[in-house]
Amino acid sequence: MRAILILLVSATTLAACASPQDRCMRQAQAELHALDAQILDAEQALARGYRVTAASEARTTLHICAWPKEPVLFCTRHTPATSAARVAVDRDVEQDNLDSLRRSRAAVAAQSIARVAQCSGA
């Protein structure tokens with residue numbers, strides 16, 4: 001826990017040290033990077049034929065617990081768990097979604113280039 005806290009503090013400190021121009025450029029390209037991640041996800045889903053999603057489930061485990069008056073008792077413990085689930089994709093819908101993302105990427109890339117130019121003062 002302490003290591004995580006130290007890591008977060010140092011990451012925050014380093015982020016604060018970034019120059020205003022670096023922060024401006026990172027913000028200008030954030031939407032483009034997010035769109036690229038969506039395109040990559042859609043391409044991978046089409047190639048595999050399914051998406052991997054997180055499924056929440058409750059698990060009940062049985063363990064031995066000892067009490068002062070009885071020598072051995074069986075107790076249950078309910079714990080939430082997350083597992084990966086495969087969900088089949090409709091190839092036509094996924095291809096339409098991918099085509100739409102690729103079309104919108106061109107416009108977002110042009111906007112991103114303009115914003116980066118503003119950041120660099122050109």
# chains A, B, ... in the order shown; residues from 1 in each chain; ligands from 1
$ select_by_dssp --residues "chain A" --states "helix (DSSP H, G or I)" --output "short mmCIF file (atom, residue, chain, number, x, y, z; two decimals) with N, CA and C atoms, in the first residue's frame"
data_model
loop_
_atom_site.label_atom_id
_atom_site.label_comp_id
_atom_site.auth_asym_id
_atom_site.auth_seq_id
_atom_site.Cartn_x
_atom_site.Cartn_y
_atom_site.Cartn_z
N ARG A 2 1.95 1.18 0.77
CA ARG A 2 2.84 2.33 0.85
C ARG A 2 3.53 2.58 -0.48
N ALA A 3 3.88 1.49 -1.16
CA ALA A 3 4.55 1.62 -2.46
C ALA A 3 3.62 2.29 -3.48
N ILE A 4 2.34 1.95 -3.42
CA ILE A 4 1.38 2.56 -4.33
C ILE A 4 1.27 4.05 -4.06
N LEU A 5 1.24 4.42 -2.78
CA LEU A 5 1.15 5.83 -2.42
C LEU A 5 2.38 6.59 -2.91
N ILE A 6 3.55 6.01 -2.73
CA ILE A 6 4.78 6.66 -3.20
C ILE A 6 4.77 6.81 -4.72
N LEU A 7 4.30 5.77 -5.40
CA LEU A 7 4.22 5.81 -6.86
C LEU A 7 3.26 6.91 -7.33
N LEU A 8 2.11 7.03 -6.67
CA LEU A 8 1.14 8.06 -7.05
C LEU A 8 1.69 9.46 -6.81
N VAL A 9 2.34 9.65 -5.68
CA VAL A 9 2.91 10.97 -5.37
C VAL A 9 3.99 11.34 -6.37
N SER A 10 4.87 10.38 -6.69
CA SER A 10 5.93 10.69 -7.65
C SER A 10 5.37 10.92 -9.06
N ALA A 11 4.33 10.18 -9.44
CA ALA A 11 3.72 10.39 -10.76
C ALA A 11 3.07 11.76 -10.83
N THR A 12 2.41 12.16 -9.76
CA THR A 12 1.78 13.48 -9.71
C THR A 12 2.83 14.58 -9.78
N THR A 13 3.93 14.38 -9.08
CA THR A 13 5.01 15.37 -9.09
C THR A 13 5.61 15.49 -10.49
N LEU A 14 5.84 14.37 -11.15
CA LEU A 14 6.39 14.41 -12.50
C LEU A 14 5.41 15.05 -13.48
N ALA A 15 4.12 14.79 -13.31
CA ALA A 15 3.13 15.40 -14.19
C ALA A 15 3.09 16.91 -14.00
N ALA A 16 3.31 17.35 -12.78
CA ALA A 16 3.32 18.79 -12.52
C ALA A 16 4.56 19.44 -13.12
N CYS A 17 5.61 18.67 -13.33
CA CYS A 17 6.85 19.22 -13.90
C CYS A 17 6.79 19.37 -15.41
N PRO A 20 4.10 23.62 -19.92
CA PRO A 20 2.76 23.93 -20.42
C PRO A 20 2.57 23.50 -21.87
N GLN A 21 3.64 23.57 -22.66
CA GLN A 21 3.54 23.15 -24.05
C GLN A 21 3.31 21.63 -24.14
N ASP A 22 4.01 20.86 -23.30
CA ASP A 22 3.81 19.41 -23.29
C ASP A 22 2.38 19.05 -22.89
N ARG A 23 1.88 19.73 -21.87
CA ARG A 23 0.50 19.46 -21.43
C ARG A 23 -0.50 19.83 -22.52
N CYS A 24 -0.25 20.94 -23.19
CA CYS A 24 -1.15 21.37 -24.27
C CYS A 24 -1.15 20.34 -25.40
N MET A 25 0.03 19.85 -25.76
CA MET A 25 0.12 18.87 -26.85
C MET A 25 -0.54 17.54 -26.45
N ARG A 26 -0.36 17.14 -25.20
CA ARG A 26 -0.97 15.90 -24.73
C ARG A 26 -2.50 16.01 -24.77
N GLN A 27 -3.03 17.17 -24.36
CA GLN A 27 -4.47 17.38 -24.40
C GLN A 27 -4.97 17.44 -25.84
N ALA A 28 -4.18 18.03 -26.71
CA ALA A 28 -4.58 18.16 -28.11
C ALA A 28 -4.67 16.80 -28.80
N GLN A 29 -3.85 15.86 -28.37
CA GLN A 29 -3.82 14.55 -29.00
C GLN A 29 -4.61 13.48 -28.24
N ALA A 30 -5.21 13.82 -27.11
CA ALA A 30 -5.90 12.83 -26.28
C ALA A 30 -7.07 12.18 -27.02
N GLU A 31 -7.87 12.99 -27.72
CA GLU A 31 -9.03 12.44 -28.43
C GLU A 31 -8.59 11.51 -29.55
N LEU A 32 -7.51 11.87 -30.23
CA LEU A 32 -7.00 11.02 -31.31
C LEU A 32 -6.49 9.69 -30.76
N HIS A 33 -5.79 9.72 -29.64
CA HIS A 33 -5.30 8.48 -29.03
C HIS A 33 -6.46 7.59 -28.58
N ALA A 34 -7.50 8.20 -28.02
CA ALA A 34 -8.67 7.42 -27.60
C ALA A 34 -9.36 6.78 -28.80
N LEU A 35 -9.45 7.51 -29.88
CA LEU A 35 -10.07 6.99 -31.10
C LEU A 35 -9.23 5.85 -31.69
N ASP A 36 -7.91 6.00 -31.66
CA ASP A 36 -7.03 4.93 -32.14
C ASP A 36 -7.21 3.66 -31.30
N ALA A 37 -7.39 3.83 -29.99
CA ALA A 37 -7.60 2.67 -29.12
C ALA A 37 -8.92 1.97 -29.45
N GLN A 38 -9.97 2.76 -29.76
CA GLN A 38 -11.26 2.17 -30.15
C GLN A 38 -11.14 1.43 -31.47
N ILE A 39 -10.40 1.99 -32.41
CA ILE A 39 -10.21 1.34 -33.71
C ILE A 39 -9.46 0.02 -33.53
N LEU A 40 -8.41 0.03 -32.72
CA LEU A 40 -7.65 -1.19 -32.46
C LEU A 40 -8.52 -2.25 -31.80
N ASP A 41 -9.35 -1.84 -30.86
CA ASP A 41 -10.25 -2.78 -30.18
C ASP A 41 -11.24 -3.39 -31.16
N ALA A 42 -11.80 -2.57 -32.04
CA ALA A 42 -12.76 -3.07 -33.03
C ALA A 42 -12.08 -4.02 -34.02
N GLU A 43 -10.85 -3.69 -34.44
CA GLU A 43 -10.12 -4.57 -35.36
C GLU A 43 -9.83 -5.92 -34.71
N GLN A 44 -9.43 -5.89 -33.45
CA GLN A 44 -9.15 -7.14 -32.74
C GLN A 44 -10.41 -7.97 -32.55
N ALA A 45 -11.52 -7.31 -32.25
CA ALA A 45 -12.79 -8.03 -32.07
C ALA A 45 -13.22 -8.68 -33.38
N LEU A 46 -13.03 -7.98 -34.50
CA LEU A 46 -13.36 -8.57 -35.80
C LEU A 46 -12.46 -9.76 -36.12
N ALA A 47 -11.19 -9.64 -35.82
CA ALA A 47 -10.25 -10.72 -36.11
C ALA A 47 -10.55 -11.97 -35.27
N ARG A 48 -10.90 -11.76 -34.00
CA ARG A 48 -11.19 -12.89 -33.12
C ARG A 48 -12.60 -13.43 -33.29
N ARG A 91 -20.57 -9.47 -36.94
CA ARG A 91 -19.51 -8.97 -37.83
C ARG A 91 -19.95 -7.77 -38.66
N ASP A 92 -21.20 -7.77 -39.14
CA ASP A 92 -21.67 -6.65 -39.96
C ASP A 92 -21.74 -5.37 -39.14
N VAL A 93 -22.28 -5.47 -37.93
CA VAL A 93 -22.39 -4.29 -37.06
C VAL A 93 -21.00 -3.81 -36.67
N GLU A 94 -20.12 -4.74 -36.34
CA GLU A 94 -18.77 -4.38 -35.94
C GLU A 94 -18.00 -3.73 -37.09
N GLN A 95 -18.19 -4.23 -38.30
CA GLN A 95 -17.51 -3.64 -39.46
C GLN A 95 -18.04 -2.24 -39.73
N ASP A 96 -19.36 -2.04 -39.60
CA ASP A 96 -19.94 -0.70 -39.76
C ASP A 96 -19.37 0.26 -38.71
N ASN A 97 -19.25 -0.23 -37.47
CA ASN A 97 -18.69 0.59 -36.40
C ASN A 97 -17.24 0.95 -36.71
N LEU A 98 -16.47 -0.01 -37.18
CA LEU A 98 -15.07 0.23 -37.52
C LEU A 98 -14.94 1.23 -38.66
N ASP A 99 -15.77 1.10 -39.68
CA ASP A 99 -15.75 2.05 -40.80
C ASP A 99 -16.08 3.46 -40.32
N SER A 100 -17.06 3.57 -39.44
CA SER A 100 -17.44 4.87 -38.89
C SER A 100 -16.29 5.48 -38.08
N LEU A 101 -15.63 4.66 -37.28
CA LEU A 101 -14.49 5.15 -36.50
C LEU A 101 -13.36 5.62 -37.40
N ARG A 102 -13.10 4.89 -38.46
CA ARG A 102 -12.03 5.27 -39.39
C ARG A 102 -12.36 6.57 -40.11
N ARG A 103 -13.64 6.76 -40.48
CA ARG A 103 -14.04 8.01 -41.14
C ARG A 103 -13.89 9.19 -40.19
N SER A 104 -14.29 9.01 -38.94
CA SER A 104 -14.19 10.12 -37.99
C SER A 104 -12.75 10.39 -37.58
N ARG A 105 -11.87 9.41 -37.73
CA ARG A 105 -10.46 9.61 -37.37
C ARG A 105 -9.81 10.67 -38.23
N ALA A 106 -10.16 10.72 -39.51
CA ALA A 106 -9.56 11.72 -40.40
C ALA A 106 -9.87 13.14 -39.92
N ALA A 107 -11.12 13.37 -39.53
CA ALA A 107 -11.50 14.70 -39.05
C ALA A 107 -10.82 15.01 -37.72
N VAL A 108 -10.78 14.03 -36.83
CA VAL A 108 -10.15 14.24 -35.53
C VAL A 108 -8.65 14.47 -35.69
N ALA A 109 -8.02 13.77 -36.63
CA ALA A 109 -6.58 13.96 -36.87
C ALA A 109 -6.31 15.38 -37.36
N ALA A 110 -7.16 15.90 -38.23
CA ALA A 110 -6.98 17.27 -38.72
C ALA A 110 -7.12 18.28 -37.57
N GLN A 111 -8.11 18.06 -36.70
CA GLN A 111 -8.29 18.94 -35.55
C GLN A 111 -7.08 18.85 -34.61
N SER A 112 -6.58 17.64 -34.43
CA SER A 112 -5.44 17.43 -33.54
C SER A 112 -4.20 18.15 -34.07
N ILE A 113 -3.98 18.08 -35.38
CA ILE A 113 -2.84 18.76 -35.98
C ILE A 113 -2.95 20.27 -35.78
N ALA A 114 -4.16 20.80 -35.95
CA ALA A 114 -4.36 22.24 -35.75
C ALA A 114 -4.11 22.63 -34.30
N ARG A 115 -4.57 21.81 -33.36
CA ARG A 115 -4.36 22.12 -31.94
C ARG A 115 -2.88 22.04 -31.56
N VAL A 116 -2.17 21.05 -32.10
CA VAL A 116 -0.73 20.93 -31.82
C VAL A 116 0.00 22.14 -32.38
N ALA A 117 -0.40 22.61 -33.55
CA ALA A 117 0.22 23.81 -34.14
C ALA A 117 -0.01 25.02 -33.24
N GLN A 118 -1.20 25.12 -32.65
CA GLN A 118 -1.48 26.23 -31.73
C GLN A 118 -0.61 26.12 -30.48
N CYS A 119 -0.40 24.89 -30.02
CA CYS A 119 0.42 24.69 -28.82
C CYS A 119 1.87 25.11 -29.05
#
$ residues_around --residues "region 52-59 of chain A" --least-positions-apart "3" --cutoff "7 Å" --atoms "only C-alpha atoms" --output "ChimeraX atom specification"
/A:78-87
$ write_last_selection --atoms "C-alpha atoms" --output "PDB file, in the first residue's frame"
ATOM      1  CA  HIS A  78     -19.024 -14.763  -0.070  1.00  0.00           C
ATOM      2  CA  THR A  79     -16.511 -12.902  -2.200  1.00  0.00           C
ATOM      3  CA  PRO A  80     -17.093 -10.919  -5.372  1.00  0.00           C
ATOM      4  CA  ALA A  81     -14.950 -11.945  -8.313  1.00  0.00           C
ATOM      5  CA  THR A  82     -14.349 -10.682 -11.807  1.00  0.00           C
ATOM      6  CA  SER A  83     -13.673 -12.981 -14.705  1.00  0.00           C
ATOM      7  CA  ALA A  84     -13.186 -12.511 -18.425  1.00  0.00           C
ATOM      8  CA  ALA A  85     -16.152 -13.484 -20.571  1.00  0.00           C
ATOM      9  CA  ARG A  86     -16.204 -13.880 -24.330  1.00  0.00           C
ATOM     10  CA  VAL A  87     -19.101 -12.185 -26.090  1.00  0.00           C
TER      11      VAL A  87
END
$ select_by_dssp --residues "chain A" --states "strand (DSSP E)" --output "CSV table (one decimal) with C-alpha atoms, in the first residue's frame"
chain,number,residue,atom,x,y,z
A,50,TYR,CA,-15.6,-12.0,-30.0
A,51,ARG,CA,-15.0,-9.3,-27.4
A,52,VAL,CA,-13.5,-10.0,-24.0
A,53,THR,CA,-15.6,-8.3,-21.3
A,54,ALA,CA,-15.4,-8.3,-17.5
A,55,ALA,CA,-18.1,-10.3,-15.9
A,56,SER,CA,-18.8,-9.9,-12.2
A,57,GLU,CA,-19.9,-12.9,-10.2
A,58,ALA,CA,-20.2,-13.9,-6.6
A,59,ARG,CA,-18.2,-16.9,-5.3
A,60,THR,CA,-18.9,-18.8,-2.2
A,61,THR,CA,-16.0,-20.6,-0.6
A,62,LEU,CA,-16.1,-23.1,2.2
A,63,HIS,CA,-13.4,-23.0,4.8
A,64,ILE,CA,-12.9,-24.4,8.3
A,65,CYS,CA,-13.3,-22.1,11.2
A,73,LEU,CA,-17.0,-25.8,12.0
A,74,PHE,CA,-17.4,-25.2,8.3
A,75,CYS,CA,-18.1,-21.6,7.4
A,76,THR,CA,-18.9,-20.0,4.1
A,77,ARG,CA,-17.4,-16.7,2.8
A,78,HIS,CA,-19.0,-14.8,-0.1
A,79,THR,CA,-16.5,-12.9,-2.2
A,80,PRO,CA,-17.1,-10.9,-5.4
A,81,ALA,CA,-15.0,-11.9,-8.3
A,82,THR,CA,-14.3,-10.7,-11.8
A,83,SER,CA,-13.7,-13.0,-14.7
A,84,ALA,CA,-13.2,-12.5,-18.4
A,85,ALA,CA,-16.2,-13.5,-20.6
A,86,ARG,CA,-16.2,-13.9,-24.3
A,87,VAL,CA,-19.1,-12.2,-26.1
A,88,ALA,CA,-19.7,-13.0,-29.8
